[in-house]
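Note sheet for the following structure.
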Amino acid sequence: MFLYQEIVVHATYYSERHTSYPQRTGISPRITRIAVNSSAKTVYVQMTADVSPLLPAFLNVRPISAWGEAQVRVSGR
């Protein structure tokens with residue numbers, strides 16, 4: 001069984017590994033929520049990023065958010 005703190009560490013690690021392109025363009029996505037469904041062994045992560053550096057200033061773009069999900073696969077420990 002994973003502790004919630006372990007889940008947060010793993011979710012942070014994997015989300016940072018998959019956000020290298022936005023970081024190269026000056027966008028810094030950050031985790032804003034983590035939800036755990038232990039019966040389904042699924043973790044949901046919401047990330048938010050300010051994408052305004054990519055667009056003209058007159059558009060007044062707000063930060064965008066997106067959810068991702070991952071299912072836990074535990075092998076012999």
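All residue names refer to the structure tokens as shown: chains lettered A, B, ... in order, residues numbered from 1 in each chain, ligands numbered from 1 in order.
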
Quick one: residues within 6 Å of A:Val43, only C-alpha atoms, excluding same-chain residues fewer than 3 positions away - as number ranges by chain? A: 35-36, 69-70

Contact residues around A:Ile64 with only C-alpha atoms at 8 Å, ignoring same-chain residues under 4 positions, as a list of chain:residue names: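 Close residues of A:Ile64: A:Thr48, A:Ala49, A:Asp50, A:Val51.
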
Could you pull out the residues in chain A that DSSP calls helix (DSSP H, G or I) from the backbone, as a list in words?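 These are the residues in question: Tyr4, Gln5, Glu6, Ile7, Val8, Val9, His10, Ala11, Thr12, Tyr13, Tyr14, Ser15, Glu16, Arg17, Ser20, Tyr21, Pro22, Gln23, Arg24, Ser52, Pro53, Leu54, Ala57, Phe58 and Leu59 of chain A.
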
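Taking atom CA of A:Arg73 as the reference point, atom CA of A:Arg30 is found at 24.4 Å.
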
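In this comparison, which uses only C-alpha atoms, the residue of A:Gln71, A:Ser65, A:Gln5, A:Thr19 approaching A:Ser38 most closely is A:Gln71.
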
For stretch 38-69 of chain A against stretch 15-18 of chain A, with a cut-off of 12 Å and counting only C-alpha atoms, what is the closest atom pair and its distance in Å to one decimal for every residue that makes the cut, ordered by chain and number, as a Markdown table?
```
| residue | atom | partner | partner_atom | distance |
| --- | --- | --- | --- | --- |
| A:Val43 | CA | A:Ser15 | CA | 11.9 |
| A:Tyr44 | CA | A:Ser15 | CA | 11.1 |
| A:Val45 | CA | A:Ser15 | CA | 8.4 |
| A:Gln46 | CA | A:Ser15 | CA | 9.8 |
| A:Met47 | CA | A:Ser15 | CA | 8.5 |
| A:Thr48 | CA | A:Ser15 | CA | 11.5 |
| A:Ala66 | CA | A:Ser15 | CA | 11.8 |
| A:Trp67 | CA | A:Ser15 | CA | 11.0 |
| A:Gly68 | CA | A:Ser15 | CA | 9.1 |
| A:Glu69 | CA | A:Ser15 | CA | 10.5 |
```

Output of the above residues as a PDB file, in the first residue's frame, restricted to C-alpha atoms:
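Once written, result-v4.pdb looks like this:
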```
ATOM      1  CA  VAL A  43      -4.255   8.760  -9.274  1.00  0.00           C
ATOM      2  CA  TYR A  44      -5.625  11.933 -10.884  1.00  0.00           C
ATOM      3  CA  VAL A  45      -3.357  14.969 -11.162  1.00  0.00           C
ATOM      4  CA  GLN A  46      -4.440  18.470 -12.147  1.00  0.00           C
ATOM      5  CA  MET A  47      -1.780  20.803 -13.496  1.00  0.00           C
ATOM      6  CA  THR A  48      -2.091  24.520 -14.188  1.00  0.00           C
ATOM      7  CA  ALA A  66      -5.749  19.962 -17.323  1.00  0.00           C
ATOM      8  CA  TRP A  67      -6.264  16.647 -15.555  1.00  0.00           C
ATOM      9  CA  GLY A  68      -4.208  13.521 -16.138  1.00  0.00           C
ATOM     10  CA  GLU A  69      -4.656  10.072 -14.711  1.00  0.00           C
TER      11      GLU A  69
END
```

As a ChimeraX atom specification, please: every residue in chain A that a backbone DSSP assignment puts in strand (DSSP E or B). /A:30-37,42-49,64-71
